[in-house]
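One structure below.
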Amino acid sequence: MAKQGLSTLSLHAGQKADPTTGARAVPIYQTTSYVFKSTEHAANLFALKEFGNIYTRLMNPTTDVFEQRIAAIEGGTGALAVASGQSAITYALLSITRLGDEIVSANNLYGGTYQLFNNTLPKLGRTVKFVDSGNPDAFKRAITPKTRAIYAETIGNPKLDVPDFEALAKIAHDAGIPFVVDNTVGVGLVKRSISAPIFSRIPRPSTSAATAPRWAASSSTPAASNGTTGSFRNSPSRIQATTASCTGTR
Ligand SMILES: Cc1ncc(COP(=O)(O)O)c(C=O)c1O
């Protein structure tokens with residue numbers, strides 16, 4: 001099949017038309033639970049030996065189409081949909097930090113994210129250091145052994161400025177930490193932040209067991225959303241909170 005453009009992907013990626021009815025629109029599956037074929041099937045699903053639906057908070061076929069679509073638009077391996085931008089950012093950062101850890105963030109953030117970083121995350125024992133978004137050296141200087149991520153918006157809201165992503169990616173790369181990006185204003189169609197070479201080049205850090213962040217130590221592959229691979233959720237080198245596109249979808 002010819003390579004699909006972004007317009008086609010944004011309408012059709014992640015969906016197969018219903019083979020029985022031919023229905024074009026994505027069905028809304030209003031279920032919380034799923035029927036297991038047997039106790040063995042259930043056991044395999046819960047043990048993550050087999051992919052499939054277990055419970056809607058974890059995976060839902062409607063949400064899965066959206067997740068696959070966003071991954072296709074953004075050029076990512078997978079996606080996780082949540083109910084708001086702040087949820088996406090919170091999920092991304094809580095999963096790679098723990099009490100006492102630090103995040104170095106650009107200072108040109110959307111107001112809601114600034115409040116989250118300045119007021120809420122400190123209550124959870126995470127310190128966010130804000131640095132001049134236009135000065136990559138300031139990011140570098142702010143990194144300490146406790147830093148677990150660099151954070152920036154692709155296109156800052158409301159300033160609409162664009163940080164030097166190659167420089168920031170290299171700084172994160174050299175420090176062995178993920179570069180977490182909020183691509184709300186870009187939403188893939190403007191700037192494919194996951195697939196841009198600067199992001200996909202960032203490797204997993206080779207930290208020692210003593211200092212390794214939790215995800216570096218984990219070798220297991222977490223539950224995959226239906227049909228998608230599990231690697232994205234275990235692959236913080238490509239973390240992205242595509243917030244606007246997640247809002248209001250659940
Ligand atoms: C950069 C950025 N991130 C996130 C959001 C949305 O976050 P939330 O869905 O939590 O309101 C916005 C909304 O304008 C935004 O501009």
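In the structure tokens, chains take letters A, B, ... by order of appearance, with residues numbered from 1 within each chain and ligands from 1 in the order shown.
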
Residue set, stretch 46-108 of chain A restricted to strand (DSSP E or B), as a PyMOL selection string: chain A and resi 55+102-106

Please find the residues contacting ligand 1 at a distance of at most 7 Å between atoms, with only C-alpha atoms and all ligand atoms counted, and report them as a VMD selection string. chain A and resid 84 to 87 109 to 110 112 to 113 153 156 to 157 182 to 185 243 to 244 247

Restricted to C-alpha atoms, what would the selected residues look like written as a PDB file, in the first residue's frame?
ATOM      1  CA  SER A  84      -6.319  15.369  29.991  1.00  0.00           C
ATOM      2  CA  GLY A  85      -3.002  16.955  29.244  1.00  0.00           C
ATOM      3  CA  GLN A  86      -2.106  17.201  32.917  1.00  0.00           C
ATOM      4  CA  SER A  87      -2.851  13.487  33.322  1.00  0.00           C
ATOM      5  CA  LEU A 109       5.247  26.350  30.006  1.00  0.00           C
ATOM      6  CA  TYR A 110       1.489  26.271  29.632  1.00  0.00           C
ATOM      7  CA  GLY A 112      -1.599  24.374  33.979  1.00  0.00           C
ATOM      8  CA  THR A 113       1.685  22.530  33.578  1.00  0.00           C
ATOM      9  CA  GLU A 153       7.102  22.015  24.986  1.00  0.00           C
ATOM     10  CA  GLY A 156       5.643  26.903  23.966  1.00  0.00           C
ATOM     11  CA  ASN A 157       2.204  28.103  25.039  1.00  0.00           C
ATOM     12  CA  ASP A 182       4.606  18.119  25.325  1.00  0.00           C
ATOM     13  CA  ASN A 183       3.617  18.384  21.672  1.00  0.00           C
ATOM     14  CA  THR A 184       0.166  19.869  22.256  1.00  0.00           C
ATOM     15  CA  VAL A 185       0.602  22.819  19.951  1.00  0.00           C
ATOM     16  CA  THR A 243      -1.772  16.480  25.478  1.00  0.00           C
ATOM     17  CA  ALA A 244      -4.275  18.351  23.372  1.00  0.00           C
ATOM     18  CA  THR A 247      -8.115  15.755  25.877  1.00  0.00           C
TER      19      THR A 247
END

Write out as a list in words the residues lying within 9 Å of stretch 163-165 of chain A, counting only C-alpha atoms and excluding same-chain residues fewer than 2 positions away. Ala106, Ser133, Gly134, Asn135, Pro136, Ala152, Glu153, Thr154, Ile155, Gly156, Asp161, Ala167, Leu168, Ala169, Lys170, Ile198 and Phe199 of chain A

Would you pick out the contacts of A:Leu121 at 12 Å or less, using only C-alpha atoms, so that residues sharing its chain but fewer than 2 positions from it are not included, and give the list as a ChimeraX atom specification? /A:86,89-91,93-94,97-103,113-119,123-129

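Remark: for A:Phe66, the closest of the candidate residues A:Leu80, A:Tyr29, A:Asp132, A:Ala92 is A:Leu80 (distances computed over only C-alpha atoms).
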
Rounded to one decimal place, report the atom CA of A:Thr56-atom CA of A:Thr32 distance in Å. 4.7 Å
